[in-house]
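Student: I'd like to ask you about the structure that follows.
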Amino acid sequence: MAAGSAPEARGLMDEQTFLDNFNNLIYPHKTYLFYETERMQDDLWIPLDEYKGFLQNKGADMGLERRHAEPIFLERMASWNLDTELRYRITVFISWSPCPDCADELVKFLRENRHVNLRIFAARIYDYLQGYEAGLRALKAAGAEVAMMTFQEFEYCWKNFVDHQQDEDKPFPPWDNLDVRSEELSQRLAGILQNQED
DNA sequence: ATTTTCAAT
(Lines give C-alpha, C1' and ligand atoms only; values in the text may rest on other atoms or scores of the structure.)
Protein backbone atom coordinates (compact mmCIF):
# COMPACT_ATOMS: atom_id res chain seq x y z
CA MET A 1 0.00 0.00 0.00
CA ALA A 2 1.26 3.47 -0.82
CA ALA A 3 3.08 5.17 2.02
CA GLY A 4 1.19 8.36 1.32
CA SER A 5 -2.28 6.89 1.69
CA ALA A 6 -4.51 7.79 4.59
CA PRO A 7 -3.61 6.29 7.99
CA GLU A 8 -6.95 4.54 8.19
CA ALA A 9 -6.32 2.87 4.85
CA ARG A 10 -2.97 1.64 6.11
CA GLY A 11 -4.66 0.15 9.16
CA LEU A 12 -3.25 2.72 11.55
CA MET A 13 -4.97 4.09 14.64
CA ASP A 14 -4.50 7.62 15.90
CA GLU A 15 -2.36 8.03 18.99
CA GLN A 16 -5.04 9.27 21.36
CA THR A 17 -7.46 6.49 20.52
CA PHE A 18 -4.75 3.98 21.30
CA LEU A 19 -3.77 5.58 24.61
CA ASP A 20 -7.40 6.02 25.64
CA ASN A 21 -8.42 2.47 24.90
CA PHE A 22 -5.45 0.25 25.63
CA ASN A 23 -4.57 1.82 28.99
CA ASN A 24 -4.78 -1.15 31.36
CA LEU A 25 -5.88 0.93 34.36
CA ILE A 26 -9.17 2.25 33.07
CA TYR A 27 -12.47 0.73 31.97
CA PRO A 28 -13.59 2.07 28.59
CA HIS A 29 -17.01 1.09 27.30
CA LYS A 30 -15.72 -0.02 23.94
CA THR A 31 -13.20 -2.41 22.50
CA TYR A 32 -10.56 -2.14 19.81
CA LEU A 33 -8.80 -5.06 18.18
CA PHE A 34 -5.55 -5.05 16.21
CA TYR A 35 -4.73 -8.04 14.05
CA GLU A 36 -1.84 -9.19 11.93
CA THR A 37 -1.27 -12.32 9.91
CA GLU A 38 1.82 -14.32 9.05
CA ARG A 39 2.30 -17.32 6.77
CA MET A 40 4.72 -20.13 7.42
CA GLN A 41 7.30 -20.40 4.67
CA ASP A 42 10.50 -22.41 4.96
CA ASP A 43 10.06 -22.60 8.73
CA LEU A 44 9.78 -18.84 8.98
CA TRP A 45 6.77 -16.64 9.66
CA ILE A 46 6.34 -14.20 6.78
CA PRO A 47 4.14 -11.15 7.48
CA LEU A 48 1.15 -10.68 5.19
CA ASP A 49 0.58 -6.95 5.25
CA GLU A 50 -2.72 -7.21 3.41
CA TYR A 51 -4.19 -8.99 6.44
CA LYS A 52 -3.21 -6.44 9.05
CA GLY A 53 -5.30 -3.72 10.64
CA PHE A 54 -7.73 -2.93 13.38
CA LEU A 55 -11.42 -2.70 14.11
CA GLN A 56 -13.81 -1.67 16.84
CA ASN A 57 -16.96 -3.17 18.28
CA LYS A 58 -20.20 -1.75 16.96
CA GLY A 59 -22.52 -0.03 19.39
CA ALA A 60 -26.25 0.46 19.47
CA ASP A 61 -25.77 3.97 18.13
CA MET A 62 -27.08 4.82 14.70
CA GLY A 63 -29.52 1.96 15.02
CA LEU A 64 -26.86 -0.61 14.28
CA GLU A 65 -26.87 -4.04 15.78
CA ARG A 66 -24.52 -4.30 18.73
CA ARG A 67 -21.59 -6.55 18.02
CA HIS A 68 -18.47 -7.35 19.95
CA ALA A 69 -15.15 -6.92 18.21
CA GLU A 70 -14.48 -10.65 17.86
CA PRO A 71 -17.38 -11.65 15.58
CA ILE A 72 -16.53 -8.70 13.37
CA PHE A 73 -12.97 -9.96 13.23
CA LEU A 74 -14.06 -13.54 12.49
CA GLU A 75 -16.21 -12.28 9.66
CA ARG A 76 -13.31 -10.30 8.25
CA MET A 77 -11.02 -13.31 8.51
CA ALA A 78 -13.52 -15.53 6.72
CA SER A 79 -13.51 -13.10 3.81
CA TRP A 80 -9.78 -13.66 3.32
CA ASN A 81 -10.28 -17.28 2.30
CA LEU A 82 -6.93 -18.34 3.67
CA ASP A 83 -5.45 -21.33 1.87
CA THR A 84 -6.16 -24.43 3.94
CA GLU A 85 -3.01 -26.03 2.56
CA LEU A 86 -0.84 -23.36 4.17
CA ARG A 87 -0.04 -22.55 7.76
CA TYR A 88 -0.95 -19.18 9.24
CA ARG A 89 -0.38 -17.39 12.51
CA ILE A 90 -2.76 -14.62 13.44
CA THR A 91 -1.90 -12.32 16.31
CA VAL A 92 -4.58 -10.24 17.94
CA PHE A 93 -4.12 -7.39 20.39
CA ILE A 94 -7.46 -6.59 21.98
CA SER A 95 -8.28 -3.96 24.57
CA TRP A 96 -10.74 -6.22 26.45
CA SER A 97 -10.31 -9.98 26.64
CA PRO A 98 -13.06 -12.02 24.92
CA CYS A 99 -16.35 -12.52 26.76
CA PRO A 100 -17.62 -16.12 27.13
CA ASP A 101 -19.72 -16.03 23.98
CA CYS A 102 -16.93 -14.56 21.89
CA ALA A 103 -14.49 -17.08 23.31
CA ASP A 104 -16.85 -19.85 22.20
CA GLU A 105 -16.99 -18.40 18.70
CA LEU A 106 -13.22 -18.22 18.52
CA VAL A 107 -12.94 -21.79 19.75
CA LYS A 108 -15.34 -22.92 17.05
CA PHE A 109 -13.27 -21.10 14.45
CA LEU A 110 -10.07 -22.76 15.65
CA ARG A 111 -11.67 -26.21 15.52
CA GLU A 112 -12.74 -25.59 11.94
CA ASN A 113 -9.51 -23.96 10.85
CA ARG A 114 -6.63 -26.12 11.93
CA HIS A 115 -4.31 -24.32 9.55
CA VAL A 116 -4.57 -21.18 11.66
CA ASN A 117 -2.70 -20.52 14.89
CA LEU A 118 -4.13 -17.79 17.04
CA ARG A 119 -2.37 -15.62 19.59
CA ILE A 120 -4.43 -13.26 21.71
CA PHE A 121 -2.91 -10.50 23.79
CA ALA A 122 -5.42 -8.56 25.90
CA ALA A 123 -4.83 -5.23 27.60
CA ARG A 124 -7.41 -5.98 30.31
CA ILE A 125 -9.47 -8.91 31.56
CA TYR A 126 -13.15 -8.56 30.77
CA ASP A 127 -14.62 -10.15 33.86
CA TYR A 128 -18.03 -8.51 33.74
CA LEU A 129 -19.90 -11.56 32.47
CA GLN A 130 -20.28 -14.87 34.26
CA GLY A 131 -18.15 -17.62 32.83
CA TYR A 132 -15.37 -15.43 31.52
CA GLU A 133 -12.76 -17.67 33.15
CA ALA A 134 -14.09 -20.80 31.45
CA GLY A 135 -14.14 -18.94 28.16
CA LEU A 136 -10.49 -18.05 28.46
CA ARG A 137 -9.63 -21.61 29.45
CA ALA A 138 -11.55 -22.95 26.45
CA LEU A 139 -9.52 -20.71 24.18
CA LYS A 140 -6.31 -22.09 25.61
CA ALA A 141 -7.61 -25.65 25.34
CA ALA A 142 -8.42 -25.02 21.68
CA GLY A 143 -4.79 -24.16 21.06
CA ALA A 144 -4.88 -20.38 21.26
CA GLU A 145 -2.18 -18.57 23.13
CA VAL A 146 -3.75 -16.22 25.62
CA ALA A 147 -1.70 -13.60 27.40
CA MET A 148 -1.92 -10.12 28.80
CA MET A 149 -0.30 -7.24 26.99
CA THR A 150 2.88 -6.08 28.68
CA PHE A 151 5.04 -3.06 27.95
CA GLN A 152 6.50 -5.06 25.06
CA GLU A 153 3.13 -5.55 23.38
CA PHE A 154 1.94 -2.01 24.04
CA GLU A 155 5.14 -0.68 22.50
CA TYR A 156 4.83 -3.11 19.60
CA CYS A 157 1.32 -1.90 18.83
CA TRP A 158 2.41 1.71 19.18
CA LYS A 159 5.12 1.12 16.59
CA ASN A 160 3.16 -1.08 14.23
CA PHE A 161 -0.49 -0.02 14.41
CA VAL A 162 -0.47 3.64 15.45
CA ASP A 163 -0.14 6.64 13.16
CA HIS A 164 2.61 9.01 14.29
CA GLN A 165 2.26 11.35 11.32
CA GLN A 166 5.50 13.31 10.84
CA ASP A 167 7.32 11.78 13.78
CA GLU A 168 7.76 8.16 12.78
CA ASP A 169 10.22 7.48 15.59
CA LYS A 170 8.06 8.89 18.35
CA PRO A 171 8.66 6.60 21.35
CA PHE A 172 5.80 4.86 23.12
CA PRO A 173 4.80 6.95 26.16
CA PRO A 174 3.90 4.45 28.89
CA TRP A 175 1.33 5.50 31.47
CA ASP A 176 1.95 5.35 35.20
CA ASN A 177 1.77 1.88 36.71
CA LEU A 178 1.57 0.16 33.33
CA ASP A 179 4.02 -2.53 34.42
CA VAL A 180 2.53 -3.04 37.86
CA ARG A 181 -0.96 -3.44 36.43
CA SER A 182 0.20 -5.67 33.62
CA GLU A 183 1.95 -7.92 36.11
CA GLU A 184 -1.16 -8.10 38.30
CA LEU A 185 -3.32 -9.02 35.36
CA SER A 186 -0.82 -11.61 34.14
CA GLN A 187 -0.86 -13.26 37.54
CA ARG A 188 -4.64 -13.28 37.53
CA LEU A 189 -4.74 -14.76 34.06
CA ALA A 190 -2.25 -17.43 35.02
CA GLY A 191 -4.50 -18.42 37.91
CA ILE A 192 -7.54 -18.51 35.65
CA LEU A 193 -5.83 -20.63 33.01
CA GLN A 194 -4.41 -23.06 35.55
CA ASN A 195 -7.71 -23.56 37.31
CA GLN A 196 -9.25 -26.85 36.22
CA GLU A 197 -12.82 -26.33 37.34
CA ASP A 198 -15.26 -25.12 34.73
C1' DA B 1 -7.63 -6.10 47.77
C1' DT B 2 -9.06 -2.46 44.82
C1' DT B 3 -13.11 -2.60 39.41
C1' DT B 4 -15.84 2.17 35.88
C1' DT B 5 -16.24 -3.80 32.08
C1' DC B 6 -17.62 -4.49 23.73
C1' DA B 7 -23.18 1.68 27.66
C1' DA B 8 -26.74 4.16 28.89
C1' DT B 9 -28.11 7.93 31.39
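Labeling convention for the C-alpha coordinates: chains A, B, ... as they appear, residues from 1 per chain, ligands from 1 in order of appearance.
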With a cut-off of 6 Å and counting only C-alpha atoms (C1' of nucleotides), select all residues of chain B in contact with chain A and give the selection as a PyMOL selection string.
Tutor: chain B and resi 4-6
Student: Could the residues in this selection be written to a file with N, CA and C atoms (P, O5', C5', C4', C3', O3' and C1' of nucleotides), as an mmCIF file, in the first residue's frame?
Tutor:
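Dumped to selection.cif:
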```
data_model
loop_
_atom_site.group_PDB
_atom_site.id
_atom_site.type_symbol
_atom_site.label_atom_id
_atom_site.label_comp_id
_atom_site.auth_asym_id
_atom_site.auth_seq_id
_atom_site.Cartn_x
_atom_site.Cartn_y
_atom_site.Cartn_z
ATOM 1 P P DT B 4 -16.569 0.557 40.287
ATOM 2 O "O5'" DT B 4 -17.115 0.414 38.798
ATOM 3 C "C5'" DT B 4 -18.136 1.287 38.366
ATOM 4 C "C4'" DT B 4 -17.857 1.734 36.949
ATOM 5 C "C3'" DT B 4 -17.554 0.594 35.981
ATOM 6 O "O3'" DT B 4 -18.195 0.903 34.748
ATOM 7 C "C1'" DT B 4 -15.839 2.172 35.879
ATOM 8 P P DT B 5 -19.137 -0.265 34.171
ATOM 9 O "O5'" DT B 5 -18.115 -1.124 33.302
ATOM 10 C "C5'" DT B 5 -17.383 -0.542 32.228
ATOM 11 C "C4'" DT B 5 -16.878 -1.675 31.348
ATOM 12 C "C3'" DT B 5 -17.951 -2.682 30.945
ATOM 13 O "O3'" DT B 5 -17.677 -3.084 29.621
ATOM 14 C "C1'" DT B 5 -16.245 -3.798 32.082
ATOM 15 P P DC B 6 -18.795 -2.868 28.539
ATOM 16 O "O5'" DC B 6 -18.043 -2.097 27.364
ATOM 17 C "C5'" DC B 6 -17.211 -2.804 26.451
ATOM 18 C "C4'" DC B 6 -17.667 -2.570 25.053
ATOM 19 C "C3'" DC B 6 -19.114 -2.977 24.784
ATOM 20 O "O3'" DC B 6 -19.587 -2.227 23.649
ATOM 21 C "C1'" DC B 6 -17.619 -4.488 23.731
#
```
Student: List every residue of chain A that DSSP, applied to the backbone, labels as strand (DSSP E), and write the result as an NGL selection string.
Tutor: :A and (13-14 or 32-41 or 44-56 or 88-96 or 116-124 or 145-148 or 162-163)
Student: Within 12 Å of Asn81 of chain A, counting only C-alpha atoms (C1' of nucleotides), which residues show up once you throw out same-chain ones fewer than 6 positions away? Write them as JSON, numbers by chain, please.
Tutor: {"A": [51, 74, 75, 88, 113, 115, 116]}
